[in-house]
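> Attaching a single structure in structure tokens format; questions to follow.
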Amino acid sequence: MKREGSQCLSGPELWVGVVELRRLPGCELLTEAAGAFTNVVTWAVSAEDFRTKAETLAESSKLFVASIEREEPLATRSARAYLTEELEELVNRAESNPNAILYGLFHTYKFNEG
């Protein structure tokens, strides 16, 4: 572990979080939806790093990150909660790739009608 000032810095570890995505102009995804939630798994050193990587993923698909919920290190999540089959699969794929930024199924929601 590196020390910077009084703060300990460690290397990246796998993080998980639920990311809300919405369309940007020219996006070919989510054409029938207002947005979607998806699980994201990536290597990060902090919540801010997780957000940056989620935004990188979103931008590559002409989406933007509207919100992020429950972002935390994988070790923290797996110590207190069961990992879904989808999350386990994403984690297995990410473990051997330090550049991985992976997302799961899109859980879409409709436009607010009314």
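Numbering starts fresh at 1 for the residues of each chain in the structure tokens, the chains themselves are lettered A, B, ... in the order given, and ligands are numbered from 1 as they appear.
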Do you know which residues are at most 8 Å from Leu24 (chain A) counting only C-alpha atoms, after dropping those on the same chain fewer than 5 positions away, and could you put them as a ChimeraX atom specification?
/A:62-64
> Kindly export the residues of the current selection with C-alpha atoms, as an mmCIF file, in the first residue's frame.

```
data_model
loop_
_atom_site.group_PDB
_atom_site.id
_atom_site.type_symbol
_atom_site.label_atom_id
_atom_site.label_comp_id
_atom_site.auth_asym_id
_atom_site.auth_seq_id
_atom_site.Cartn_x
_atom_site.Cartn_y
_atom_site.Cartn_z
ATOM 1 C CA LYS A 62 -23.787 7.334 -26.866
ATOM 2 C CA LEU A 63 -25.378 7.104 -23.436
ATOM 3 C CA PHE A 64 -24.849 9.121 -20.283
#
```
> Would you mind listing what lies within 9 Å of Leu29 (chain A) as a list of chain:residue names, with only C-alpha atoms counted and same-chain residues fewer than 2 positions away left out?
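Non-adjacent residues within range: A:Arg23, A:Cys27, A:Thr31, A:Glu32, A:Ala33, A:Ser61, A:Lys62, A:Leu63.
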> Go ahead and write the residues just picked, C-alpha atoms, as a compact mmCIF listing (two decimals), in the first residue's frame.

```txt
# COMPACT_ATOMS: atom_id res chain seq x y z
CA ARG A 23 -29.71 8.20 -24.34
CA CYS A 27 -27.82 6.64 -29.74
CA THR A 31 -34.98 3.65 -28.48
CA GLU A 32 -38.24 2.56 -26.84
CA ALA A 33 -37.26 3.49 -23.29
CA SER A 61 -22.49 3.74 -26.64
CA LYS A 62 -23.79 7.33 -26.87
CA LEU A 63 -25.38 7.10 -23.44
```
> One decimal, Å: what's the distance from CA of Leu90 (chain A) over to CA of Val19 (chain A), could you say?
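Computing the Euclidean distance for CA of Leu90 (chain A) and CA of Val19 (chain A) yields 14.4 Å.
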> Would you list the contacts of Glu69 (chain A) as a list in words, taking every protein, DNA or RNA residue within 9 Å and counting only C-alpha atoms, but skipping same-chain residues closer than 5 positions in sequence?
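Contacts, in chain order: Gly17, Val18, Val19 and Glu20 of chain A.
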> Enumerate the residues of chain A with a DSSP assignment of alpha helix (DSSP H), computed from the backbone, and present them as a count of residues only.
32
> As an exercise, work out the distance from CA of Ala36 (chain A) to CA of Asn92 (chain A) in Å and give it to one decimal place.
23.3 Å
> So the first atom is CA of Glu48 (chain A) and the second is CA of Ser10 (chain A); what is the distance between them in Å, to one decimal place?
14.6 Å
> Find the spatial neighbours of Trp15 (chain A), counting only C-alpha atoms, within a cut-off of 10 Å - ignore same-chain residues fewer than 2 positions away - and output them as a list in words.
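Returned residues: Pro12, Glu13, Gly17, Val40, Val41, Thr42, Trp43, Ala44, Val45, Ser46, Ala47, Asp49, Phe50, Glu71, Glu72, Pro73, Leu74, Ala75, Thr76, Arg77, Val91 and Ile101 of chain A.
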> Taking 3 positions as the minimum chain separation for residues in the same chain, which residues sit within 10 Å of Phe37 (chain A) when counting only C-alpha atoms? Answer as a PyMOL selection string.
chain A and resi 18-22+40+65-69+103-109
> May I ask which of the residues A:Gly11, A:Glu59, A:Glu95, A:Glu85 is the closest one to Gly26 (chain A), counting only C-alpha atoms?
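When distances to Gly26 (chain A) are compared using only C-alpha atoms, the smallest one comes from A:Glu59.
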> Using DSSP on the backbone coordinates, identify all residues within chain A classified as strand (DSSP E or B); present the result as number ranges by chain.
A: 2-4, 7-9, 13-23, 35-44, 63-73, 101-103, 107-109
> For Val16 (chain A), which residue out of A:Lys110, A:Arg70, A:Arg80, A:Arg93 is the nearest one, using only C-alpha atoms?
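Looking at the shortest contact to Val16 (chain A), the residue is A:Arg70.
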